[in-house]
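Participant: Contents of work08.csv (CSV, C-alpha atoms):
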```csv
chain,number,residue,atom,x,y,z
A,5,MET,CA,28.4,-64.1,-125.0
A,6,ALA,CA,30.2,-66.0,-122.4
A,7,VAL,CA,32.0,-69.3,-123.2
A,8,GLU,CA,33.5,-72.2,-121.3
A,9,LEU,CA,37.2,-72.7,-121.7
A,10,GLU,CA,40.1,-74.5,-120.2
A,11,GLY,CA,43.2,-72.4,-119.9
A,12,ARG,CA,46.6,-73.5,-118.7
A,13,LEU,CA,48.7,-71.9,-116.1
A,14,GLU,CA,51.7,-70.5,-118.0
A,15,GLU,CA,53.4,-68.2,-115.5
A,16,VAL,CA,53.2,-67.1,-111.9
A,17,VAL,CA,54.5,-63.7,-110.7
A,18,ASP,CA,54.5,-63.0,-107.0
A,19,HIS,CA,53.8,-59.4,-105.8
A,20,GLY,CA,54.5,-60.2,-102.2
A,21,ALA,CA,54.1,-63.1,-99.8
A,22,ASP,CA,50.3,-63.4,-100.3
A,23,THR,CA,49.5,-61.7,-103.6
A,24,ARG,CA,50.2,-63.2,-106.9
A,25,SER,CA,49.4,-63.0,-110.6
A,26,LEU,CA,48.5,-66.1,-112.6
A,27,PHE,CA,48.9,-66.0,-116.3
A,28,LEU,CA,46.6,-68.3,-118.2
A,29,GLY,CA,47.2,-69.4,-121.8
A,30,LEU,CA,43.9,-70.0,-123.7
A,31,PRO,CA,43.3,-72.3,-126.7
A,32,VAL,CA,41.3,-69.5,-128.4
A,33,ALA,CA,40.9,-65.8,-128.0
A,34,LEU,CA,38.5,-64.6,-125.3
A,35,ASP,CA,36.4,-61.6,-126.3
A,36,PHE,CA,36.0,-59.4,-123.2
A,37,ARG,CA,35.7,-55.8,-122.1
A,38,PRO,CA,38.0,-54.0,-119.7
A,39,GLY,CA,36.8,-54.7,-116.2
A,40,GLN,CA,35.1,-58.0,-116.7
A,41,PHE,CA,35.8,-61.2,-114.8
A,42,ILE,CA,36.0,-64.9,-115.4
A,43,SER,CA,34.3,-67.5,-113.2
A,44,CYS,CA,36.7,-70.3,-112.3
A,45,GLN,CA,35.5,-73.8,-111.6
A,46,LEU,CA,37.9,-75.2,-109.0
A,47,PRO,CA,37.8,-78.9,-108.1
A,48,VAL,CA,38.3,-78.8,-104.3
A,49,GLY,CA,37.3,-81.4,-101.8
A,50,GLY,CA,35.2,-83.5,-104.2
A,51,GLU,CA,33.1,-80.5,-105.3
A,52,THR,CA,33.3,-77.7,-107.8
A,53,LEU,CA,33.9,-74.2,-106.2
A,54,ILE,CA,32.9,-71.2,-108.2
A,55,ARG,CA,35.4,-68.4,-107.8
A,56,PRO,CA,35.2,-65.1,-109.8
A,57,TYR,CA,38.5,-63.3,-110.7
A,58,SER,CA,38.7,-60.0,-112.5
A,59,ILE,CA,40.8,-60.1,-115.6
A,60,ALA,CA,43.8,-57.8,-114.8
A,61,SER,CA,45.1,-57.9,-118.4
A,62,SER,CA,43.8,-56.2,-121.5
A,63,PRO,CA,41.5,-57.4,-124.3
A,64,GLU,CA,44.4,-56.7,-126.7
A,65,GLU,CA,45.9,-59.9,-125.3
A,66,PRO,CA,42.9,-62.2,-125.8
A,67,ARG,CA,44.8,-65.5,-125.5
A,68,ARG,CA,46.6,-64.8,-122.3
A,69,LEU,CA,44.8,-63.7,-119.2
A,70,GLU,CA,46.3,-62.3,-116.0
A,71,LEU,CA,44.4,-63.0,-112.8
A,72,LEU,CA,45.5,-61.2,-109.6
A,73,LEU,CA,44.7,-62.8,-106.3
A,74,ASN,CA,45.3,-62.7,-102.6
A,75,LEU,CA,45.9,-65.8,-100.6
A,76,VAL,CA,42.9,-65.7,-98.3
A,77,PRO,CA,43.5,-67.3,-94.9
A,78,GLY,CA,41.4,-70.4,-94.7
A,79,GLY,CA,40.0,-69.8,-98.2
A,80,PRO,CA,39.9,-73.0,-100.1
A,81,GLY,CA,39.6,-71.4,-103.6
A,82,SER,CA,42.7,-69.2,-103.2
A,83,HIS,CA,44.7,-72.0,-101.6
A,84,TYR,CA,43.9,-74.2,-104.5
A,85,LEU,CA,45.0,-71.6,-107.0
A,86,PHE,CA,48.2,-70.8,-105.1
A,87,GLY,CA,49.1,-74.5,-105.2
A,88,LEU,CA,48.5,-74.9,-108.9
A,89,PRO,CA,51.7,-76.0,-110.7
A,90,ARG,CA,52.8,-74.5,-114.0
A,91,GLY,CA,51.0,-76.2,-116.9
A,92,ALA,CA,48.0,-77.1,-114.9
A,93,PRO,CA,44.5,-76.7,-116.5
A,94,LEU,CA,42.0,-74.2,-115.2
A,95,ARG,CA,38.5,-74.4,-116.3
A,96,PHE,CA,36.3,-71.3,-116.3
A,97,SER,CA,33.4,-69.5,-117.9
A,98,GLY,CA,33.3,-65.9,-119.0
A,99,PRO,CA,33.6,-63.1,-119.6
A,100,TRP,CA,31.1,-61.9,-117.1
A,101,GLY,CA,30.2,-58.6,-115.3
A,102,THR,CA,28.9,-55.2,-116.0
A,103,PHE,CA,31.6,-53.2,-114.3
A,104,VAL,CA,33.3,-52.2,-117.5
A,105,LEU,CA,34.8,-49.2,-119.3
A,106,GLU,CA,35.0,-49.4,-123.1
A,107,ARG,CA,36.2,-45.9,-123.7
A,108,ALA,CA,37.2,-42.8,-121.7
A,109,PRO,CA,34.1,-41.0,-120.4
A,110,ALA,CA,33.5,-37.4,-121.6
A,111,ALA,CA,34.1,-36.2,-118.0
A,112,GLU,CA,36.9,-36.1,-115.5
A,113,THR,CA,37.3,-39.7,-114.3
A,114,VAL,CA,38.5,-41.0,-111.0
A,115,PHE,CA,39.6,-44.6,-110.5
A,116,ILE,CA,39.8,-45.8,-106.9
A,117,ALA,CA,41.5,-49.2,-106.4
A,118,ASP,CA,41.9,-50.7,-102.9
A,119,GLY,CA,44.6,-53.4,-102.9
A,120,THR,CA,43.9,-56.2,-105.5
A,121,GLY,CA,40.9,-54.1,-106.5
A,122,ILE,CA,43.2,-52.7,-109.1
A,123,ALA,CA,42.8,-55.9,-111.2
A,124,PRO,CA,39.7,-54.7,-113.2
A,125,ILE,CA,40.8,-51.0,-113.0
A,126,ARG,CA,44.1,-51.7,-114.7
A,127,PRO,CA,42.6,-52.7,-118.1
A,128,MET,CA,40.0,-49.9,-117.7
A,129,LEU,CA,42.7,-47.4,-117.1
A,130,ARG,CA,44.7,-48.6,-120.1
A,131,ARG,CA,41.6,-48.2,-122.3
A,132,ALA,CA,40.8,-44.8,-120.9
A,133,LEU,CA,44.3,-43.7,-121.7
A,134,ALA,CA,44.1,-45.0,-125.2
A,135,THR,CA,40.8,-43.3,-125.8
A,136,ALA,CA,41.2,-40.1,-123.7
A,137,THR,CA,39.0,-37.2,-124.7
A,138,GLY,CA,40.9,-34.4,-123.1
A,139,ARG,CA,39.4,-34.9,-119.6
A,140,PRO,CA,41.7,-35.7,-116.6
A,141,LEU,CA,42.1,-39.3,-115.5
A,142,HIS,CA,43.2,-40.0,-112.0
A,143,LEU,CA,43.9,-43.2,-110.1
A,144,LEU,CA,43.8,-43.3,-106.3
A,145,ALA,CA,45.6,-46.5,-105.4
A,146,ALA,CA,45.1,-47.6,-101.8
A,147,ALA,CA,47.6,-49.9,-100.1
A,148,LYS,CA,49.3,-50.3,-96.7
A,149,SER,CA,52.3,-48.4,-98.0
A,150,PRO,CA,53.4,-46.7,-101.3
A,151,GLU,CA,55.8,-49.6,-102.0
A,152,ARG,CA,52.9,-52.1,-101.9
A,153,VAL,CA,50.9,-50.4,-104.6
A,154,LEU,CA,50.4,-53.1,-107.2
A,155,TYR,CA,51.7,-52.4,-110.8
A,156,ARG,CA,53.5,-49.4,-109.4
A,157,ALA,CA,56.3,-49.4,-112.0
A,158,GLU,CA,53.6,-49.6,-114.8
A,159,LEU,CA,51.7,-46.7,-113.2
A,160,GLU,CA,54.9,-44.6,-113.1
A,161,ALA,CA,55.6,-45.4,-116.7
A,162,HIS,CA,52.3,-43.9,-117.9
A,163,LYS,CA,53.4,-40.5,-119.1
A,164,HIS,CA,50.1,-39.4,-120.5
A,165,PRO,CA,49.6,-35.7,-119.9
A,166,LEU,CA,46.0,-36.2,-118.7
A,167,PHE,CA,46.9,-39.0,-116.2
A,168,SER,CA,47.9,-38.7,-112.6
A,169,TRP,CA,47.9,-41.2,-109.8
A,170,ASP,CA,48.8,-41.3,-106.1
A,171,HIS,CA,48.8,-43.6,-103.1
A,172,VAL,CA,46.7,-43.4,-100.0
A,173,ALA,CA,46.6,-45.7,-97.0
A,174,SER,CA,43.6,-48.0,-97.2
A,175,ASP,CA,42.3,-46.8,-93.9
A,176,ALA,CA,42.4,-43.2,-95.1
A,177,LEU,CA,40.4,-43.8,-98.2
A,178,GLU,CA,37.1,-42.4,-96.9
A,179,GLU,CA,38.7,-39.3,-95.5
A,180,GLN,CA,40.7,-38.6,-98.7
A,181,VAL,CA,37.7,-39.2,-101.1
A,182,THR,CA,35.7,-36.8,-98.9
A,183,ARG,CA,38.4,-34.1,-98.9
A,184,ARG,CA,39.2,-34.3,-102.7
A,185,TRP,CA,35.9,-34.9,-104.4
A,186,VAL,CA,33.2,-33.9,-101.9
A,187,GLU,CA,34.5,-30.9,-99.9
A,188,ARG,CA,37.0,-29.3,-102.3
A,189,ASP,CA,34.5,-28.1,-104.9
A,190,ALA,CA,30.9,-28.3,-106.1
A,191,ASP,CA,31.7,-30.1,-109.3
A,192,ARG,CA,29.6,-33.2,-109.5
A,193,SER,CA,30.2,-34.0,-113.2
A,194,ARG,CA,33.0,-36.5,-112.4
A,195,ARG,CA,32.8,-40.2,-113.1
A,196,PHE,CA,34.0,-42.8,-110.6
A,197,PHE,CA,35.1,-46.4,-111.0
A,198,ILE,CA,35.7,-48.1,-107.6
A,199,CYS,CA,36.9,-51.6,-106.8
A,200,GLY,CA,38.1,-53.3,-103.7
A,201,VAL,CA,37.3,-55.9,-101.1
A,202,GLY,CA,34.7,-55.5,-98.4
A,203,ALA,CA,32.7,-52.7,-96.9
A,204,ILE,CA,34.9,-49.8,-98.1
A,205,VAL,CA,33.4,-50.1,-101.6
A,206,PRO,CA,29.7,-49.4,-100.6
A,207,THR,CA,30.9,-46.8,-98.1
A,208,LEU,CA,32.6,-44.8,-100.9
A,209,ARG,CA,29.6,-45.4,-103.2
A,210,ASP,CA,27.2,-44.0,-100.7
A,211,LEU,CA,29.5,-41.1,-99.7
A,212,LEU,CA,29.7,-39.9,-103.3
A,213,ARG,CA,26.1,-40.4,-104.2
A,214,ARG,CA,24.9,-38.6,-101.1
A,215,ALA,CA,27.3,-35.8,-102.0
A,216,GLY,CA,25.3,-35.3,-105.2
A,217,TYR,CA,27.0,-37.4,-107.8
A,218,GLU,CA,24.5,-39.2,-110.0
A,219,ARG,CA,23.9,-42.9,-109.3
A,220,ARG,CA,25.3,-44.0,-112.7
A,221,ALA,CA,28.3,-41.8,-112.4
A,222,VAL,CA,29.5,-44.0,-109.5
A,223,GLN,CA,30.3,-47.4,-110.8
A,224,TYR,CA,31.8,-50.0,-108.5
A,225,GLU,CA,32.6,-53.6,-107.9
A,226,LYS,CA,32.8,-55.1,-104.4
A,227,TRP,CA,34.6,-58.4,-103.9
B,12,MET,CA,7.6,-74.8,-93.9
B,13,ALA,CA,8.2,-72.3,-96.7
B,14,LYS,CA,7.3,-73.2,-100.2
B,15,LEU,CA,9.2,-72.2,-103.3
B,16,ARG,CA,7.7,-73.0,-106.7
B,17,VAL,CA,10.1,-72.8,-109.6
B,18,GLN,CA,8.9,-72.3,-113.1
B,19,PHE,CA,11.1,-72.4,-116.2
B,20,GLU,CA,10.7,-70.4,-119.4
B,21,SER,CA,12.5,-73.4,-121.1
B,22,GLY,CA,9.3,-75.5,-120.5
B,23,GLU,CA,10.8,-77.8,-117.9
B,24,PRO,CA,8.2,-79.0,-115.4
B,25,GLU,CA,7.5,-76.9,-112.4
B,26,ARG,CA,9.4,-77.8,-109.3
B,27,VAL,CA,8.1,-77.3,-105.8
B,28,ILE,CA,10.4,-77.1,-102.8
B,29,ASP,CA,9.3,-77.2,-99.2
B,30,PHE,CA,12.0,-76.0,-96.8
B,31,ASP,CA,12.6,-74.6,-93.4
B,32,PRO,CA,14.2,-71.1,-93.7
B,33,ALA,CA,15.6,-71.4,-90.2
B,34,ARG,CA,18.0,-74.1,-91.4
B,35,ALA,CA,19.8,-71.9,-93.9
B,36,PRO,CA,22.4,-71.9,-95.3
B,37,PHE,CA,21.7,-75.0,-97.3
B,38,GLN,CA,25.0,-74.8,-99.3
B,39,HIS,CA,27.8,-72.2,-99.7
B,40,ASP,CA,26.9,-69.8,-102.5
B,41,GLY,CA,24.7,-66.7,-102.2
B,42,ARG,CA,23.2,-65.2,-99.1
B,43,PRO,CA,22.0,-67.9,-96.6
B,44,GLY,CA,18.4,-68.7,-97.3
B,45,SER,CA,18.4,-66.9,-100.7
B,46,ILE,CA,16.6,-68.3,-103.7
B,47,LEU,CA,20.0,-69.3,-105.1
B,48,ASP,CA,20.9,-71.1,-101.9
B,49,VAL,CA,17.6,-73.0,-101.8
B,50,LEU,CA,17.7,-73.9,-105.5
B,51,LEU,CA,21.2,-75.2,-105.6
B,52,ALA,CA,20.6,-77.3,-102.4
B,53,HIS,CA,17.7,-78.9,-104.2
B,54,GLY,CA,19.5,-79.8,-107.4
B,55,ILE,CA,18.2,-76.9,-109.5
B,56,HIS,CA,21.0,-75.2,-111.4
B,57,LEU,CA,20.9,-71.4,-111.4
B,58,GLU,CA,23.9,-69.7,-113.0
B,59,HIS,CA,25.9,-67.6,-110.6
B,60,ALA,CA,29.1,-66.7,-112.3
B,61,CYS,CA,30.3,-64.4,-109.5
B,62,GLY,CA,29.8,-67.2,-106.9
B,63,GLY,CA,26.7,-65.6,-105.5
B,64,ASN,CA,28.5,-62.4,-104.4
B,65,CYS,CA,26.2,-59.8,-105.9
B,66,ALA,CA,28.7,-58.9,-108.7
B,67,CYS,CA,26.8,-60.0,-111.8
B,68,THR,CA,23.3,-60.6,-113.0
B,69,THR,CA,23.5,-64.3,-114.1
B,70,CYS,CA,21.1,-65.4,-111.3
B,71,HIS,CA,18.4,-63.0,-112.3
B,72,VAL,CA,14.9,-64.4,-111.6
B,73,VAL,CA,11.4,-63.0,-111.9
B,74,VAL,CA,9.2,-63.3,-108.8
B,75,LYS,CA,5.7,-64.2,-109.8
B,76,LYS,CA,4.3,-64.4,-106.3
B,77,GLY,CA,5.4,-63.4,-102.9
B,78,MET,CA,7.6,-60.4,-103.7
B,79,GLU,CA,6.7,-58.8,-100.4
B,80,ARG,CA,7.8,-61.9,-98.5
B,81,LEU,CA,11.4,-61.6,-99.7
B,82,SER,CA,14.1,-59.6,-98.0
B,83,ALA,CA,14.3,-56.0,-99.4
B,84,SER,CA,16.8,-55.4,-102.1
B,85,GLU,CA,19.8,-53.2,-101.4
B,86,ASP,CA,21.6,-50.7,-103.6
B,87,ALA,CA,24.2,-53.2,-104.8
B,88,GLU,CA,21.4,-55.5,-106.1
B,89,ASP,CA,19.4,-52.6,-107.6
B,90,ASP,CA,22.5,-51.3,-109.4
B,91,LEU,CA,23.2,-54.6,-111.0
B,92,LEU,CA,19.5,-55.3,-111.9
B,93,ASP,CA,19.6,-51.9,-113.6
B,94,LYS,CA,21.9,-53.6,-116.2
B,95,ALA,CA,20.2,-57.0,-116.4
B,96,PRO,CA,18.7,-58.1,-119.7
B,97,GLY,CA,14.9,-58.6,-119.5
B,98,LEU,CA,14.4,-56.6,-116.4
B,99,THR,CA,10.9,-56.6,-114.9
B,100,PRO,CA,9.3,-54.8,-111.9
B,101,THR,CA,9.6,-58.0,-110.0
B,102,SER,CA,13.1,-59.0,-111.0
B,103,ARG,CA,15.5,-60.1,-108.2
B,104,LEU,CA,18.9,-61.5,-108.0
B,105,GLY,CA,18.6,-65.1,-106.8
B,106,CYS,CA,21.7,-64.7,-104.7
B,107,GLN,CA,20.4,-61.8,-102.7
B,108,ALA,CA,16.6,-62.4,-102.3
B,109,VAL,CA,16.2,-64.2,-99.0
B,110,ILE,CA,13.2,-66.1,-97.9
B,111,GLU,CA,13.0,-65.7,-94.1
B,112,ASP,CA,9.3,-66.2,-93.5
B,113,PRO,CA,8.5,-69.9,-92.7
B,114,ASP,CA,5.0,-69.5,-94.0
B,115,ALA,CA,6.0,-67.8,-97.3
B,116,GLU,CA,4.9,-69.2,-100.6
B,117,ILE,CA,7.1,-67.8,-103.4
B,118,VAL,CA,6.8,-68.4,-107.1
B,119,VAL,CA,9.8,-67.7,-109.2
B,120,TRP,CA,10.2,-67.8,-113.0
B,121,ILE,CA,13.6,-68.6,-114.5
B,122,PRO,CA,14.1,-66.9,-117.8
B,123,LYS,CA,15.9,-68.9,-120.6
B,124,TYR,CA,18.6,-66.3,-120.8
B,125,THR,CA,19.4,-66.9,-117.1
B,126,ILE,CA,20.2,-70.5,-117.9
B,127,ASN,CA,21.6,-70.3,-121.4
B,128,GLN,CA,24.1,-67.5,-121.2
B,129,ILE,CA,27.0,-69.6,-122.1
B,130,SER,CA,27.5,-70.1,-125.8
B,131,GLY,CA,26.5,-73.6,-126.8
B,132,HIS,CA,24.6,-74.4,-123.6
B,133,GLY,CA,21.1,-75.6,-124.3
B,134,SER,CA,21.8,-76.0,-128.0
```
Could you express the structure from this file as structure tokens?
Facilitator:
Amino acid sequence: MAVELEGRLEEVVDHGADTRSLFLGLPVALDFRPGQFISCQLPVGGETLIRPYSIASSPEEPRRLELLLNLVPGGPGSHYLFGLPRGAPLRFSGPWGTFVLERAPAAETVFIADGTGIAPIRPMLRRALATATGRPLHLLAAAKSPERVLYRAELEAHKHPLFSWDHVASDALEEQVTRRWVERDADRSRRFFICGVGAIVPTLRDLLRRAGYERRAVQYEKW
Amino acid sequence: MAKLRVQFESGEPERVIDFDPARAPFQHDGRPGSILDVLLAHGIHLEHACGGNCACTTCHVVVKKGMERLSASEDAEDDLLDKAPGLTPTSRLGCQAVIEDPDAEIVVWIPKYTINQISGHGS
């Protein structure tokens, strides 16, 4: 059940000029599932803007949420959040969303994260690693360059024998997904979790489903 | 003018909205001319936790009349409705179902759970 809460901005970590993590301290624990988002209520220009942000941290830290966001040119919501001083209140409702992973699927699982689309994937991946069933887990992280993969150090620190990850340029995602999981073999038992911003997400969804993967085997969230 | 009748499981009185679909968007959340767009612009609150971006099911409504006069649903909406509580054959997401026909008369029913999903609301 979702609740309404007021968190406080405790910490800001910049990942680059226009990408930042906000850490919110909560007065009570928030019970959420890996992959869910909160719905922020932003007082901008005399009205309340509703802006959803995936929770990039894990349910094991229920009183401190990490939100990952890009500064959107001309976007009033992200500009408000980028201007928020430490200690400022932030009102939200949540958790929301059905793009979730509560335990590792009993099948090879592929996570595809484009840019800040790694936000919900990160807690999903952590949970999948903690509940791994012996099936491979792979993350394909898309970014402009390998150095710009978000949470790169954390990904490199995951030494789980079933886990692997690599980088691909965002504009090569479609080609890479086709090559690796459509053309390379006839195995259609894999599970996919895809998150990103814009048309690439439904493009990959349709590509995989048309290739024979079951509809429910291809989960996605498009922001 | 198109007509949108809004009925509430909660027992609130029915609301009737007359509007010109050609003037959409009426506010900034949901697809322009969508049920969510029309409702919010006329002071009727419909939850839309994802901001009307087709990423949750909180704006789920049941269409009682005029289903064929709404824009067709796309895969993203169908995939989400698949997970919506209380799904019916005429369920739609308010943020995605667009009323384009100026002569359409649509009747939608707003389930209690669409309004009262936040703990403590409505209690």
Participant: Within 12 Å of chain B, which residues of chain A are there when counting all atoms listed in the file? Please give them as a PyMOL selection string.
Facilitator: chain A and resi 5-9+39-46+51-58+81+96-104+199+201-203+205-207+209-210+213+219-227
Participant: Rounded to one decimal place, report the atom CA of B:Asp29-atom CA of B:Glu111 distance in Å.
Facilitator: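 Between atom CA of B:Asp29 and atom CA of B:Glu111 the gap is 13.1 Å.
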Participant: Show me, as a VMD selection string, the residues that have an atom within 10 Å of B:Arg103 when counting only C-alpha atoms, minus same-chain residues fewer than 2 positions from it.
Facilitator: chain B and resid 46 68 70 to 74 78 81 83 to 84 88 to 89 91 to 92 95 98 to 101 105 to 108 119
Participant: Could you tell me, as number ranges by chain, which residues have any atom at most 9 Å from (18.8, -58.6, -125.3), counting only C-alpha atoms?
Facilitator: B: 96-97, 124
Participant: What's the 8 Å shell around A:Arg131, counting only C-alpha atoms, without same-chain residues fewer than 5 positions away, as a list in words?
Facilitator: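 Contacts, with the query itself left out: Pro38, Leu105, Glu106, Arg107 and Ala108 of chain A.
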Participant: For B:Trp120, which residue out of B:Arg34, B:His56, B:Arg42, B:Arg16 is the nearest one, using all atoms listed in the file?
Facilitator: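 Checking each of B:Arg34, B:His56, B:Arg42, B:Arg16 against B:Trp120, counting all atoms listed in the file, the winner is B:Arg16.
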Participant: Could you tell me how far atom CA of A:Leu72 lies from atom CA of A:Ala146, in Å and to one decimal?
Facilitator: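 Atom-to-atom, atom CA of A:Leu72 and atom CA of A:Ala146 are spaced 15.7 Å apart.
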Participant: Compute the distance from (20.9, -72.3, -102.1) to each atom, counting only C-alpha atoms, keep the residues with any atom at most 10 Å away, and return them as a ChimeraX atom specification; use the coordinates of the file.
Facilitator: /B:35-57,63,105-106,109
Participant: Pick the closest to B:Ala115 from B:Phe19, B:Lys75, B:Arg80, B:Pro32: which is it, counting all atoms listed in the file?
Facilitator: B:Arg80
Participant: Go through A:Glu64, A:Asp18, A:Asp170, A:Glu179 and flag the residue nearest A:Val114, using all atoms listed in the file for the distances.
Facilitator: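 Among A:Glu64, A:Asp18, A:Asp170, A:Glu179, it is A:Asp170 that comes nearest to A:Val114.
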Participant: Taking 4 positions as the minimum chain separation for residues in the same chain, which residues sit within 12 Å of stretch 149-157 of chain A when counting all atoms listed in the file? Answer as an NGL selection string.
Facilitator: :A and (17-25 or 60-61 or 72-74 or 117-123 or 125-127 or 143-145 or 161-163 or 169-176)
Participant: Can I get the selected residues back with C-alpha atoms, as a compact mmCIF listing (two decimals), in the coordinates of the input?
Facilitator:
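For reference, selection_13.txt as written:
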```txt
# COMPACT_ATOMS: atom_id res chain seq x y z
CA VAL A 17 54.50 -63.70 -110.70
CA ASP A 18 54.50 -63.00 -107.00
CA HIS A 19 53.80 -59.40 -105.80
CA GLY A 20 54.50 -60.20 -102.20
CA ALA A 21 54.10 -63.10 -99.80
CA ASP A 22 50.30 -63.40 -100.30
CA THR A 23 49.50 -61.70 -103.60
CA ARG A 24 50.20 -63.20 -106.90
CA SER A 25 49.40 -63.00 -110.60
CA ALA A 60 43.80 -57.80 -114.80
CA SER A 61 45.10 -57.90 -118.40
CA LEU A 72 45.50 -61.20 -109.60
CA LEU A 73 44.70 -62.80 -106.30
CA ASN A 74 45.30 -62.70 -102.60
CA ALA A 117 41.50 -49.20 -106.40
CA ASP A 118 41.90 -50.70 -102.90
CA GLY A 119 44.60 -53.40 -102.90
CA THR A 120 43.90 -56.20 -105.50
CA GLY A 121 40.90 -54.10 -106.50
CA ILE A 122 43.20 -52.70 -109.10
CA ALA A 123 42.80 -55.90 -111.20
CA ILE A 125 40.80 -51.00 -113.00
CA ARG A 126 44.10 -51.70 -114.70
CA PRO A 127 42.60 -52.70 -118.10
CA LEU A 143 43.90 -43.20 -110.10
CA LEU A 144 43.80 -43.30 -106.30
CA ALA A 145 45.60 -46.50 -105.40
CA ALA A 161 55.60 -45.40 -116.70
CA HIS A 162 52.30 -43.90 -117.90
CA LYS A 163 53.40 -40.50 -119.10
CA TRP A 169 47.90 -41.20 -109.80
CA ASP A 170 48.80 -41.30 -106.10
CA HIS A 171 48.80 -43.60 -103.10
CA VAL A 172 46.70 -43.40 -100.00
CA ALA A 173 46.60 -45.70 -97.00
CA SER A 174 43.60 -48.00 -97.20
CA ASP A 175 42.30 -46.80 -93.90
CA ALA A 176 42.40 -43.20 -95.10
```
Participant: Please indicate the distance in Å from atom CA of A:Leu133 to atom CA of A:Leu208, rounded to one decimal place.
Facilitator: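 So the two atoms, atom CA of A:Leu133 and atom CA of A:Leu208, lie 23.9 Å apart.
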Participant: Taking all atoms listed in the file into account, name the residue in A:Arg67, A:Arg194, A:Arg130, A:Arg139 that is nearest to A:Glu158.
Facilitator: A:Arg130
Participant: Would you please work out which residue, of A:Gly11, A:Leu129, A:Leu177, A:Ser62, is nearest to A:Lys148 when using only C-alpha atoms?
Facilitator: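 Of the candidates, the smallest distance to A:Lys148 is held by A:Leu177.
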Participant: Which residues come within 7 Å of A:Arg68, counting all atoms listed in the file, excluding same-chain residues fewer than 6 positions away, as a PyMOL selection string?
Facilitator: chain A and resi 27-30
Participant: Generate the missing atoms of stretch 87-99 of chain B up to N, CA and C atoms and report them as a compact mmCIF listing (two decimals), in the frame of the given file.
Facilitator:
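Output saved as out14.txt:
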```txt
# COMPACT_ATOMS: atom_id res chain seq x y z
N ALA B 87 23.29 -52.41 -103.97
CA ALA B 87 24.20 -53.20 -104.80
C ALA B 87 23.35 -54.07 -105.78
N GLU B 88 22.29 -54.66 -105.26
CA GLU B 88 21.40 -55.50 -106.10
C GLU B 88 20.69 -54.62 -107.14
N ASP B 89 20.16 -53.51 -106.68
CA ASP B 89 19.40 -52.60 -107.60
C ASP B 89 20.31 -52.10 -108.71
N ASP B 90 21.55 -51.76 -108.36
CA ASP B 90 22.50 -51.30 -109.40
C ASP B 90 22.77 -52.32 -110.43
N LEU B 91 22.88 -53.56 -110.00
CA LEU B 91 23.20 -54.60 -111.00
C LEU B 91 21.92 -54.92 -111.81
N LEU B 92 20.76 -54.98 -111.15
CA LEU B 92 19.50 -55.30 -111.90
C LEU B 92 19.30 -54.21 -112.98
N ASP B 93 19.74 -53.00 -112.69
CA ASP B 93 19.60 -51.90 -113.60
C ASP B 93 20.25 -52.29 -115.00
N LYS B 94 21.23 -53.19 -114.97
CA LYS B 94 21.90 -53.60 -116.20
C LYS B 94 21.52 -54.98 -116.67
N ALA B 95 20.53 -55.58 -116.01
CA ALA B 95 20.20 -57.00 -116.40
C ALA B 95 19.29 -57.00 -117.60
N PRO B 96 19.57 -57.92 -118.51
CA PRO B 96 18.70 -58.10 -119.70
C PRO B 96 17.33 -58.61 -119.20
N GLY B 97 16.25 -58.12 -119.83
CA GLY B 97 14.90 -58.60 -119.50
C GLY B 97 14.40 -58.21 -118.15
N LEU B 98 14.83 -57.05 -117.68
CA LEU B 98 14.40 -56.60 -116.40
C LEU B 98 12.90 -56.39 -116.28
N THR B 99 12.31 -56.82 -115.17
CA THR B 99 10.90 -56.60 -114.90
C THR B 99 10.70 -55.93 -113.57
```
